[in-house]
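This is entry.tsv. It holds TSV, C-alpha atoms.
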```tsv
chain	number	residue	atom	x	y	z
Q	1	MET	CA	122.30	136.49	169.54
Q	2	VAL	CA	123.29	137.54	172.99
Q	3	GLY	CA	122.13	140.99	172.03
Q	4	MET	CA	118.78	139.60	171.04
Q	5	SER	CA	118.27	137.96	174.41
Q	6	LEU	CA	119.31	141.23	176.10
Q	7	LEU	CA	116.80	143.11	174.05
Q	8	ARG	CA	114.13	140.60	174.87
Q	9	SER	CA	114.81	140.77	178.56
Q	10	ALA	CA	114.75	144.59	178.31
Q	11	ALA	CA	111.41	144.41	176.59
Q	12	ALA	CA	110.03	142.07	179.21
Q	13	PHE	CA	111.25	144.49	181.93
Q	14	ALA	CA	109.65	147.42	180.12
Q	15	ALA	CA	106.40	145.49	179.78
Q	16	ARG	CA	106.41	144.91	183.51
Q	17	LEU	CA	106.40	148.67	184.02
Q	18	GLY	CA	102.89	149.14	182.67
Q	19	PRO	CA	101.28	145.78	181.99
Q	20	LEU	CA	97.74	147.09	181.77
Q	21	LYS	CA	98.57	149.74	179.15
Q	22	ALA	CA	97.58	148.56	175.70
Q	23	GLY	CA	100.41	148.06	173.29
Q	24	ASN	CA	102.87	147.43	176.07
Q	25	ASN	CA	103.51	143.67	175.84
Q	26	ALA	CA	106.94	142.32	174.98
Q	27	ALA	CA	106.29	141.68	171.33
Q	28	ASN	CA	104.85	145.08	170.75
Q	29	ILE	CA	107.78	146.94	172.35
Q	30	LEU	CA	110.29	145.01	170.29
Q	31	ALA	CA	108.40	145.29	167.06
Q	32	ARG	CA	107.16	148.85	167.16
Q	33	THR	CA	109.33	151.45	165.54
Q	34	ILE	CA	109.40	155.19	165.87
Q	35	PRO	CA	106.80	156.49	163.44
Q	36	ARG	CA	108.51	158.54	160.73
Q	37	THR	CA	106.01	160.74	158.98
Q	38	ASN	CA	108.37	162.61	156.63
Q	39	LYS	CA	109.58	159.46	154.80
Q	40	VAL	CA	107.20	157.39	152.58
Q	41	ALA	CA	107.53	153.59	152.40
Q	42	THR	CA	108.90	152.86	148.90
Q	43	ARG	CA	110.08	149.30	149.38
Q	44	TRP	CA	107.97	146.98	151.51
Q	45	GLY	CA	110.08	143.86	152.11
Q	46	HIS	CA	108.22	141.78	154.66
Q	47	GLY	CA	105.39	144.12	155.52
Q	48	LYS	CA	102.47	143.70	157.78
Q	49	LYS	CA	100.52	140.48	157.30
Q	50	MET	CA	97.15	141.15	155.67
Q	51	PHE	CA	94.08	138.92	155.58
Q	52	VAL	CA	93.01	139.23	151.91
Q	53	VAL	CA	89.33	138.64	151.47
Q	54	LYS	CA	88.76	136.82	148.14
Q	55	PRO	CA	86.27	134.22	146.91
Q	56	THR	CA	87.11	130.56	147.36
Q	57	ASN	CA	89.19	128.72	144.81
Q	58	TYR	CA	88.65	125.41	146.57
Q	59	TYR	CA	86.19	124.10	144.02
Q	60	ASP	CA	88.33	125.15	141.05
Q	61	ARG	CA	91.44	123.55	142.45
Q	62	ARG	CA	89.51	120.41	143.37
Q	63	PHE	CA	88.09	120.16	139.86
Q	64	LEU	CA	91.49	120.56	138.21
Q	65	HIS	CA	93.03	118.09	140.60
Q	66	LEU	CA	90.36	115.48	139.88
Q	67	LEU	CA	90.59	116.15	136.13
Q	68	ARG	CA	94.33	115.56	136.11
Q	69	TYR	CA	93.94	112.50	138.31
Q	70	TYR	CA	91.34	110.77	136.16
Q	71	ILE	CA	93.04	111.63	132.90
Q	72	LEU	CA	96.41	110.39	134.06
Q	73	LEU	CA	94.94	107.27	135.70
Q	74	THR	CA	94.58	105.62	132.29
Q	75	GLY	CA	96.67	108.10	130.33
Q	76	ILE	CA	99.98	107.14	131.86
Q	77	PRO	CA	99.59	103.35	131.43
Q	78	VAL	CA	98.46	103.83	127.82
Q	79	ALA	CA	101.38	106.14	127.07
Q	80	VAL	CA	103.85	103.71	128.66
Q	81	LEU	CA	102.35	100.78	126.72
Q	82	VAL	CA	102.44	102.59	123.38
Q	83	THR	CA	106.02	103.78	123.97
Q	84	ALA	CA	107.16	100.29	124.93
Q	85	VAL	CA	105.49	98.76	121.86
Q	86	ASN	CA	107.06	101.36	119.57
Q	87	ILE	CA	110.53	100.88	121.06
Q	88	PHE	CA	110.66	97.15	121.65
Q	89	ILE	CA	108.47	95.72	118.91
Q	90	GLY	CA	108.50	98.44	116.28
Q	91	GLU	CA	106.60	98.92	113.04
Q	92	ALA	CA	106.60	96.37	110.25
Q	93	GLU	CA	108.52	96.77	107.01
Q	94	LEU	CA	107.11	96.40	103.53
Q	95	ALA	CA	108.08	93.19	101.76
Q	96	GLU	CA	107.07	91.33	98.60
Q	97	ILE	CA	104.66	88.44	99.07
Q	98	PRO	CA	106.73	85.25	98.78
Q	99	GLU	CA	105.77	82.67	96.16
Q	100	GLY	CA	102.95	80.35	97.11
Q	101	TYR	CA	102.38	82.05	100.48
Q	102	GLU	CA	98.99	83.37	101.50
Q	103	PRO	CA	99.48	86.06	104.18
Q	104	GLU	CA	97.03	86.15	107.09
Q	105	HIS	CA	94.66	89.10	107.04
Q	106	TRP	CA	96.51	90.91	109.83
Q	107	GLU	CA	99.79	90.81	107.99
Q	108	TYR	CA	98.59	93.61	105.73
Q	109	TYR	CA	98.92	96.26	108.45
Q	110	LYS	CA	101.97	98.20	109.62
Q	111	HIS	CA	101.68	99.12	113.29
Q	112	PRO	CA	101.88	96.21	115.81
Q	113	ILE	CA	98.92	97.43	117.88
Q	114	THR	CA	96.75	97.64	114.72
Q	115	ARG	CA	97.86	94.14	113.80
Q	116	TRP	CA	96.91	92.87	117.25
Q	117	ILE	CA	93.48	94.50	117.11
Q	118	VAL	CA	92.79	93.14	113.62
Q	119	ARG	CA	93.97	89.70	114.64
Q	120	ASN	CA	92.10	89.34	117.96
Q	121	ILE	CA	89.15	91.75	117.95
Q	122	TYR	CA	87.97	92.34	114.39
Q	123	ASP	CA	86.63	89.75	111.96
Q	124	SER	CA	88.72	89.11	108.88
Q	125	PRO	CA	87.75	91.22	105.83
Q	126	VAL	CA	86.89	88.03	103.93
Q	127	LYS	CA	84.34	87.18	106.62
Q	128	ASP	CA	82.91	90.73	106.51
Q	129	TYR	CA	82.61	90.54	102.73
Q	130	GLU	CA	80.84	87.18	102.96
Q	131	LYS	CA	78.49	88.55	105.64
Q	132	VAL	CA	77.44	91.39	103.33
Q	133	MET	CA	77.06	89.01	100.39
Q	134	ALA	CA	74.90	86.68	102.52
Q	135	ALA	CA	72.62	89.58	103.54
Q	136	ILE	CA	72.33	90.67	99.90
Q	137	GLN	CA	71.52	87.12	98.79
Q	138	ILE	CA	68.81	86.72	101.42
Q	139	GLU	CA	67.18	89.99	100.37
Q	140	GLN	CA	67.47	89.05	96.70
Q	141	GLU	CA	65.82	85.68	97.28
Q	142	LYS	CA	63.03	87.34	99.27
Q	143	GLY	CA	62.42	89.83	96.48
Q	144	ASP	CA	62.47	87.12	93.83
Q	145	MET	CA	60.06	84.96	95.86
Q	146	ARG	CA	57.59	87.82	96.21
Q	147	LEU	CA	57.66	88.58	92.50
Q	148	MET	CA	57.21	84.92	91.68
Q	149	GLN	CA	54.29	84.63	94.07
Q	150	LEU	CA	52.50	87.51	92.38
Q	151	GLU	CA	53.14	86.00	88.95
Q	152	VAL	CA	51.88	82.56	90.02
Q	153	ARG	CA	48.74	84.07	91.52
Q	154	GLN	CA	48.01	85.93	88.33
Q	155	GLN	CA	48.50	82.82	86.21
Q	156	MET	CA	46.36	80.63	88.44
Q	157	ARG	CA	43.56	83.13	88.50
Q	158	HIS	CA	43.75	83.51	84.75
Q	159	HIS	CA	43.85	79.82	83.83
Q	160	GLY	CA	41.57	78.75	86.64
Q	161	ASP	CA	43.35	75.46	87.23
Q	162	GLY	CA	45.67	76.42	90.05
Q	163	PRO	CA	45.04	75.12	93.57
Q	164	TRP	CA	44.86	78.62	95.04
Q	165	PHE	CA	41.60	79.42	93.35
Q	166	HIS	CA	39.74	76.19	93.95
Q	167	VAL	CA	36.56	76.58	95.97
Q	168	ALA	CA	35.96	73.61	98.26
Q	169	THR	CA	32.64	71.93	97.50
Q	170	PRO	CA	31.18	69.07	99.55
Q	171	ASP	CA	31.44	65.45	98.34
Q	172	LYS	CA	28.72	64.34	95.87
Q	173	GLY	CA	28.05	61.27	97.97
Q	174	LEU	CA	26.73	63.48	100.76
Q	175	ILE	CA	23.85	64.87	98.67
Q	176	ASP	CA	20.50	63.64	99.91
Q	177	ASN	CA	18.57	62.76	96.76
Q	178	SER	CA	15.39	61.56	98.53
Q	179	PRO	CA	13.31	64.76	97.96
Q	180	LYS	CA	14.11	64.47	94.24
Q	181	SER	CA	12.86	60.86	93.95
Q	182	SER	CA	9.21	61.90	94.54
Q	183	PRO	CA	8.50	65.02	92.46
Q	184	ASP	CA	5.35	67.04	92.55
Q	185	ASN	CA	4.73	66.21	96.12
B	1	MET	CA	118.19	104.53	108.47
B	2	PRO	CA	115.16	104.70	106.16
B	3	ASN	CA	115.62	104.20	102.42
B	4	ASP	CA	116.33	107.16	100.18
B	5	HIS	CA	113.96	108.06	97.33
B	6	ASP	CA	114.32	106.51	93.88
B	7	LYS	CA	117.15	108.46	92.20
B	8	ALA	CA	116.05	107.46	88.70
B	9	VAL	CA	112.56	108.94	89.06
B	10	TYR	CA	113.58	112.08	90.99
B	11	PRO	CA	117.04	112.89	89.61
B	12	GLU	CA	119.12	115.43	91.46
B	13	PRO	CA	120.64	118.33	89.53
B	14	PRO	CA	124.46	118.33	89.30
B	15	ARG	CA	126.16	119.93	92.28
B	16	GLN	CA	127.48	123.42	91.71
B	17	THR	CA	129.70	123.91	94.80
B	18	PRO	CA	133.00	125.47	93.67
B	19	ALA	CA	136.36	123.97	94.58
B	20	VAL	CA	137.77	125.21	97.88
B	21	ASP	CA	140.16	128.15	97.28
B	22	LYS	CA	140.92	129.60	100.70
B	23	GLN	CA	142.62	133.00	100.49
B	24	THR	CA	142.33	134.14	104.11
B	25	ALA	CA	143.59	132.73	107.38
B	26	LEU	CA	140.29	133.39	109.13
B	27	PRO	CA	138.09	130.36	109.94
B	28	ASN	CA	135.08	129.75	107.76
B	29	PRO	CA	131.91	130.48	109.76
B	30	ALA	CA	129.82	128.21	107.54
B	31	LEU	CA	132.14	125.32	108.39
B	32	ILE	CA	131.94	126.15	112.10
B	33	LEU	CA	128.14	126.24	111.98
B	34	THR	CA	127.87	122.95	110.11
B	35	LYS	CA	130.19	121.26	112.58
B	36	LEU	CA	128.19	122.73	115.48
B	37	PHE	CA	124.94	121.51	113.99
B	38	TYR	CA	126.45	118.07	113.43
B	39	TYR	CA	127.67	117.62	116.98
B	40	THR	CA	124.65	119.09	118.75
B	41	VAL	CA	121.78	117.75	116.62
B	42	ASP	CA	122.79	115.19	114.02
B	43	LEU	CA	124.99	112.90	116.10
B	44	PRO	CA	122.64	112.53	119.12
B	45	VAL	CA	119.64	111.90	116.88
B	46	THR	CA	121.49	109.29	114.80
B	47	THR	CA	122.81	107.46	117.87
B	48	PHE	CA	119.33	107.46	119.42
B	49	ARG	CA	117.87	105.99	116.28
B	50	ASP	CA	120.60	103.36	116.04
B	51	THR	CA	120.06	102.26	119.65
B	52	ILE	CA	116.32	101.95	119.12
B	53	ASP	CA	116.89	100.01	115.89
B	54	SER	CA	119.29	97.64	117.62
B	55	ILE	CA	116.62	96.92	120.26
B	56	ARG	CA	114.03	96.39	117.55
B	57	SER	CA	116.08	94.27	115.20
B	58	LYS	CA	115.45	91.11	117.26
B	59	ASN	CA	111.84	90.64	116.07
B	60	LYS	CA	111.27	92.21	112.69
B	61	LEU	CA	107.66	92.23	111.52
B	62	VAL	CA	106.75	92.46	107.83
B	63	TYR	CA	103.63	93.61	106.10
B	64	TYR	CA	102.44	93.10	102.52
B	65	HIS	CA	100.27	94.85	99.99
B	66	GLN	CA	97.14	92.84	99.38
B	67	LYS	CA	96.52	91.52	95.88
B	68	PHE	CA	92.83	91.18	95.02
B	69	ARG	CA	91.45	88.75	92.48
B	70	ARG	CA	89.62	90.20	89.49
B	71	VAL	CA	85.86	89.52	89.47
B	72	PRO	CA	83.38	90.06	86.60
B	73	TYR	CA	82.63	93.70	85.87
B	74	LEU	CA	79.19	95.29	86.16
B	75	THR	CA	78.60	94.79	82.43
B	76	GLU	CA	79.20	91.04	82.76
B	77	CYS	CA	76.64	90.50	85.54
B	78	GLN	CA	73.22	88.95	84.99
B	79	GLU	CA	70.31	91.28	85.59
B	80	GLY	CA	68.99	90.95	89.13
B	81	ASP	CA	72.13	89.23	90.43
B	82	PHE	CA	72.78	91.58	93.31
B	83	THR	CA	75.72	89.67	94.75
B	84	CYS	CA	77.48	90.05	91.40
B	85	TYR	CA	76.63	93.75	91.46
B	86	TYR	CA	78.17	94.06	94.95
B	87	GLU	CA	81.41	92.34	93.97
B	88	ALA	CA	81.71	94.50	90.85
B	89	ASP	CA	81.04	97.61	92.94
B	90	MET	CA	83.78	96.69	95.44
B	91	GLN	CA	86.21	96.08	92.61
B	92	TRP	CA	85.31	99.45	91.10
B	93	ARG	CA	85.93	101.18	94.43
B	94	ARG	CA	89.37	99.58	94.74
B	95	ASP	CA	90.21	100.66	91.21
B	96	TYR	CA	89.00	104.20	91.99
B	97	LYS	CA	91.38	104.39	94.97
B	98	VAL	CA	94.25	103.07	92.86
B	99	ASP	CA	93.55	105.67	90.19
B	100	GLN	CA	93.52	108.47	92.77
B	101	GLU	CA	96.94	107.34	93.98
B	102	ILE	CA	98.23	107.21	90.40
B	103	VAL	CA	97.17	110.82	89.87
B	104	LYS	CA	98.88	111.82	93.12
B	105	VAL	CA	102.15	110.12	92.09
B	106	VAL	CA	102.18	111.82	88.69
B	107	GLN	CA	101.44	115.15	90.35
B	108	GLU	CA	104.33	114.60	92.80
B	109	ARG	CA	106.70	113.97	89.92
B	110	MET	CA	105.68	117.18	88.20
B	111	LYS	CA	106.04	119.18	91.40
B	112	ALA	CA	109.49	117.72	92.05
B	113	CYS	CA	110.53	118.52	88.49
B	114	GLN	CA	109.38	122.13	88.83
B	115	GLN	CA	111.22	122.49	92.12
B	116	ARG	CA	114.42	121.08	90.60
B	117	GLU	CA	114.46	123.18	87.46
B	118	GLY	CA	113.59	126.49	89.07
B	119	HIS	CA	112.58	129.21	86.65
B	120	SER	CA	113.18	127.18	83.50
B	121	TYR	CA	110.69	124.45	84.39
B	122	GLN	CA	108.37	124.99	81.43
B	123	GLN	CA	111.17	124.09	79.04
B	124	ASN	CA	112.86	121.29	80.90
B	125	CYS	CA	109.92	119.36	82.34
B	126	THR	CA	107.78	118.97	79.22
B	127	LYS	CA	107.53	115.18	79.61
B	128	GLU	CA	106.26	115.37	83.20
B	129	ILE	CA	103.84	118.20	82.41
B	130	GLN	CA	102.45	116.40	79.38
B	131	GLN	CA	102.02	113.16	81.35
B	132	PHE	CA	100.27	115.04	84.16
B	133	ASN	CA	97.89	116.77	81.77
B	134	GLU	CA	97.00	113.51	80.05
B	135	VAL	CA	96.46	111.61	83.30
B	136	THR	CA	94.29	114.31	84.85
B	137	LYS	CA	92.21	114.67	81.68
B	138	ASN	CA	91.53	110.94	81.62
B	139	PHE	CA	90.72	110.87	85.33
B	140	GLN	CA	88.33	113.78	84.95
B	141	SER	CA	86.55	112.19	82.00
B	142	ARG	CA	86.17	108.87	83.81
B	143	TYR	CA	85.52	109.78	87.45
B	144	GLY	CA	85.01	113.52	87.14
B	145	ASP	CA	81.72	114.76	88.55
B	146	LEU	CA	80.46	111.57	90.15
B	147	GLY	CA	80.48	113.18	93.60
B	148	ALA	CA	80.86	111.67	97.07
B	149	TYR	CA	78.28	108.88	96.63
B	150	ALA	CA	79.88	107.52	93.48
B	151	ASN	CA	79.41	103.84	92.68
B	152	ALA	CA	80.03	101.53	89.77
B	153	LYS	CA	76.58	101.99	88.28
B	154	LYS	CA	76.89	105.79	88.14
B	155	CYS	CA	80.32	105.51	86.54
B	156	LEU	CA	78.91	103.09	83.96
B	157	MET	CA	76.08	105.51	83.16
B	158	LYS	CA	78.64	108.29	82.76
B	159	GLN	CA	80.57	106.11	80.34
B	160	LYS	CA	77.38	105.46	78.41
B	161	GLU	CA	76.75	109.21	78.13
B	162	ARG	CA	80.32	109.71	76.93
B	163	MET	CA	79.92	107.05	74.27
B	164	MET	CA	76.60	108.53	73.15
B	165	ALA	CA	78.15	111.99	72.91
B	166	ALA	CA	81.08	110.62	70.92
B	167	GLN	CA	78.71	108.78	68.59
B	168	ALA	CA	76.52	111.87	68.14
B	169	GLN	CA	79.60	113.92	67.39
B	170	SER	CA	81.03	111.49	64.86
B	171	ALA	CA	77.67	110.91	63.15
```
Target format structure tokens, applied to this file:
Amino acid sequence: MVGMSLLRSAAAFAARLGPLKAGNNAANILARTIPRTNKVATRWGHGKKMFVVKPTNYYDRRFLHLLRYYILLTGIPVAVLVTAVNIFIGEAELAEIPEGYEPEHWEYYKHPITRWIVRNIYDSPVKDYEKVMAAIQIEQEKGDMRLMQLEVRQQMRHHGDGPWFHVATPDKGLIDNSPKSSPDN
Amino acid sequence: MPNDHDKAVYPEPPRQTPAVDKQTALPNPALILTKLFYYTVDLPVTTFRDTIDSIRSKNKLVYYHQKFRRVPYLTECQEGDFTCYYEADMQWRRDYKVDQEIVKVVQERMKACQQREGHSYQQNCTKEIQQFNEVTKNFQSRYGDLGAYANAKKCLMKQKERMMAAQAQSA
């Protein structure tokens, strides 16, 4: 270390000899070596620093960073939640239905998260079944009504006594009979 | 630990390991490997599972298999009663699923039997093979080529065709 400072002071002294000559400042004198032309450089340890000209990878890195960020923003809480549920609550076990007991509709599922979803978010399958049956019944009644309407219309037209095919005539008390009381006028 | 399979349905063949008759003083490498496997893999996995089970055993949830009531079949519905048709169709779909699972179970039994017996399976597994053939033949004749959009009405029409063919053949 003392040697280094000696060298440095020697370099500074040498630089003072010819300060205007290029390549003569302290760093250059210390760093420059005797050029050896007969030996080729086979191992470059810490070589000369190069400025490598390459296209930007700023946008690629930014994209990957943002992708990881937004995926993990909800990914990590979901993973933690699912792991905690699996460890602390655990899946259900199959059992026989006890006598006289009607299980709730969510008690037919195994995983606790599925049970929670079926209990709080979905309608019970009985309700879904009844909804479909109600839709079918409405359509059936509509179809039956239309068929019946056609049948009734046909019958009324045929027999002639149905109210749909009555033509409204004015009341017979409104007829003015006075031109008929003096004929050949 | 989870339950083992039913030993009556899937019987294990008798063990054929010979009695130990050590004639050398050298250690048995198979024994060394099994002990190594036990201490590096089996023991940590079992203790992990036991710890997790002990955490879970406080609140044990149960689930059941749903039992559905029987409703009138498609042949017992009035004509034009579409709600009755729908209920019969749903019942037919449930029965279709059950039958698919039955076929799978029978197939599993035959596969297990073949694996157990090795090269002499055709002799030793005749019961399983005969049961499998019968079950698949019946399934094919009932649900065979109905396709992906199968429903109760199509199956009923297929049954009608079958009965007509049987009558034409016997007449």
In terms of all atoms listed in the file, the residue from B:Asn133, B:Gln91, B:Asn59, B:Thr126 at minimal distance from Val85 (chain Q) is B:Asn59
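Neighbours of Cys84 (chain B) closer than or equal to 8 Å, with only C-alpha atoms counted and sequence neighbours fewer than 6 positions away skipped, come out as B:Pro72, B:Leu74, B:Cys77, B:Gln78.
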Could you give me, as a tab-separated table, every chain Q residue with an atom at most 8 Å from chain B, plus its closest atom pair and distance in Å to one decimal, counting only C-alpha atoms, rows ordered by chain then number?
```
residue	atom	partner	partner_atom	distance
Q:Ile87	CA	B:Ile52	CA	6.2
Q:Phe88	CA	B:Arg56	CA	5.4
Q:Ile89	CA	B:Arg56	CA	5.8
Q:Gly90	CA	B:Arg56	CA	6.0
Q:Glu91	CA	B:Leu61	CA	6.9
Q:Ala92	CA	B:Leu61	CA	4.5
Q:Glu93	CA	B:Val62	CA	4.7
Q:Leu94	CA	B:Tyr63	CA	5.1
Q:Ala95	CA	B:Tyr64	CA	5.7
Q:Glu96	CA	B:Tyr64	CA	6.3
Q:Ile97	CA	B:Tyr64	CA	6.2
Q:Pro103	CA	B:Tyr64	CA	7.8
Q:Glu107	CA	B:Tyr63	CA	5.1
Q:Tyr108	CA	B:Tyr64	CA	5.0
Q:Tyr109	CA	B:Tyr63	CA	5.9
Q:Lys110	CA	B:Tyr63	CA	6.0
Q:Met133	CA	B:Thr83	CA	5.8
Q:Ile136	CA	B:Thr83	CA	6.2
Q:Gln137	CA	B:Thr83	CA	6.4
Q:Gln140	CA	B:Phe82	CA	6.8
```
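The coordinates place CA of Trp106 (chain Q) at 5.8 Å from CA of Val118 (chain Q).
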Expressed in Å, the length from CA of Val135 (chain B) to CA of Lys104 (chain B) is 10.1 Å
From CA of Tyr143 (chain B) to CA of Lys160 (chain B) the spacing works out at 12.9 Å
Exercise. Skipping near chain neighbours, those fewer than 2 positions away, what residues fall within 12 Å of Gln115 (chain B) using only C-alpha atoms, listed as a PyMOL selection string?
Worked result: chain B and resi 10-13+108-113+117-122+124-125
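Summary of the local environment: counting only C-alpha atoms, residues at most 8 Å from His105 (chain Q), other than itself and those fewer than 6 positions away along its chain, are Q:Val118, Q:Arg119, Q:Ser124, Q:Pro125.
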Any idea what's packed within 8 Å of Lys158 (chain B), counting all atoms listed in the file, ignoring anything in its chain fewer than 4 positions away? Could you give it as a compact mmCIF listing (two decimals) with C-alpha atoms, in the coordinates of the input?
```txt
# COMPACT_ATOMS: atom_id res chain seq x y z
CA ARG B 142 86.17 108.87 83.81
CA LYS B 154 76.89 105.79 88.14
CA ARG B 162 80.32 109.71 76.93
```
Coordinate excerpt as a PDB file, in the first residue's frame: region 49-94 of chain B, C-alpha atoms:
```pdb
ATOM      1  CA  ARG B  49     -49.498 -35.876   7.015  1.00  0.00           C
ATOM      2  CA  ASP B  50     -50.035 -36.665  10.686  1.00  0.00           C
ATOM      3  CA  THR B  51     -49.353 -33.057  11.710  1.00  0.00           C
ATOM      4  CA  ILE B  52     -51.776 -31.729   9.119  1.00  0.00           C
ATOM      5  CA  ASP B  53     -54.399 -34.268  10.212  1.00  0.00           C
ATOM      6  CA  SER B  54     -53.981 -33.288  13.851  1.00  0.00           C
ATOM      7  CA  ILE B  55     -54.604 -29.642  12.902  1.00  0.00           C
ATOM      8  CA  ARG B  56     -57.636 -30.647  10.871  1.00  0.00           C
ATOM      9  CA  SER B  57     -59.198 -33.050  13.317  1.00  0.00           C
ATOM     10  CA  LYS B  58     -60.753 -30.219  15.356  1.00  0.00           C
ATOM     11  CA  ASN B  59     -63.538 -29.473  12.839  1.00  0.00           C
ATOM     12  CA  LYS B  60     -64.370 -32.496  10.740  1.00  0.00           C
ATOM     13  CA  LEU B  61     -66.796 -31.858   7.904  1.00  0.00           C
ATOM     14  CA  VAL B  62     -68.895 -34.656   6.391  1.00  0.00           C
ATOM     15  CA  TYR B  63     -70.553 -35.001   3.047  1.00  0.00           C
ATOM     16  CA  TYR B  64     -73.258 -37.388   1.846  1.00  0.00           C
ATOM     17  CA  HIS B  65     -74.381 -39.003  -1.361  1.00  0.00           C
ATOM     18  CA  GLN B  66     -77.731 -37.596  -2.397  1.00  0.00           C
ATOM     19  CA  LYS B  67     -80.668 -39.977  -2.634  1.00  0.00           C
ATOM     20  CA  PHE B  68     -83.249 -38.940  -5.229  1.00  0.00           C
ATOM     21  CA  ARG B  69     -86.912 -39.879  -5.090  1.00  0.00           C
ATOM     22  CA  ARG B  70     -88.292 -41.963  -7.944  1.00  0.00           C
ATOM     23  CA  VAL B  71     -90.733 -40.101 -10.206  1.00  0.00           C
ATOM     24  CA  PRO B  72     -93.032 -41.555 -12.902  1.00  0.00           C
ATOM     25  CA  TYR B  73     -91.219 -42.751 -16.005  1.00  0.00           C
ATOM     26  CA  LEU B  74     -91.756 -41.333 -19.485  1.00  0.00           C
ATOM     27  CA  THR B  75     -94.223 -44.127 -20.291  1.00  0.00           C
ATOM     28  CA  GLU B  76     -96.381 -43.176 -17.301  1.00  0.00           C
ATOM     29  CA  CYS B  77     -96.753 -39.500 -18.261  1.00  0.00           C
ATOM     30  CA  GLN B  78     -99.896 -38.034 -19.799  1.00  0.00           C
ATOM     31  CA  GLU B  79     -99.481 -36.776 -23.333  1.00  0.00           C
ATOM     32  CA  GLY B  80     -98.695 -33.068 -23.398  1.00  0.00           C
ATOM     33  CA  ASP B  81     -97.640 -32.955 -19.741  1.00  0.00           C
ATOM     34  CA  PHE B  82     -94.256 -31.375 -20.289  1.00  0.00           C
ATOM     35  CA  THR B  83     -93.364 -31.004 -16.621  1.00  0.00           C
ATOM     36  CA  CYS B  84     -93.804 -34.765 -16.237  1.00  0.00           C
ATOM     37  CA  TYR B  85     -91.610 -35.250 -19.307  1.00  0.00           C
ATOM     38  CA  TYR B  86     -88.911 -33.051 -17.738  1.00  0.00           C
ATOM     39  CA  GLU B  87     -88.899 -34.927 -14.445  1.00  0.00           C
ATOM     40  CA  ALA B  88     -88.728 -38.277 -16.254  1.00  0.00           C
ATOM     41  CA  ASP B  89     -85.884 -36.964 -18.410  1.00  0.00           C
ATOM     42  CA  MET B  90     -83.893 -35.841 -15.353  1.00  0.00           C
ATOM     43  CA  GLN B  91     -84.422 -39.214 -13.726  1.00  0.00           C
ATOM     44  CA  TRP B  92     -83.256 -40.939 -16.907  1.00  0.00           C
ATOM     45  CA  ARG B  93     -80.102 -38.802 -16.974  1.00  0.00           C
ATOM     46  CA  ARG B  94     -79.286 -39.706 -13.372  1.00  0.00           C
TER      47      ARG B  94
END
```
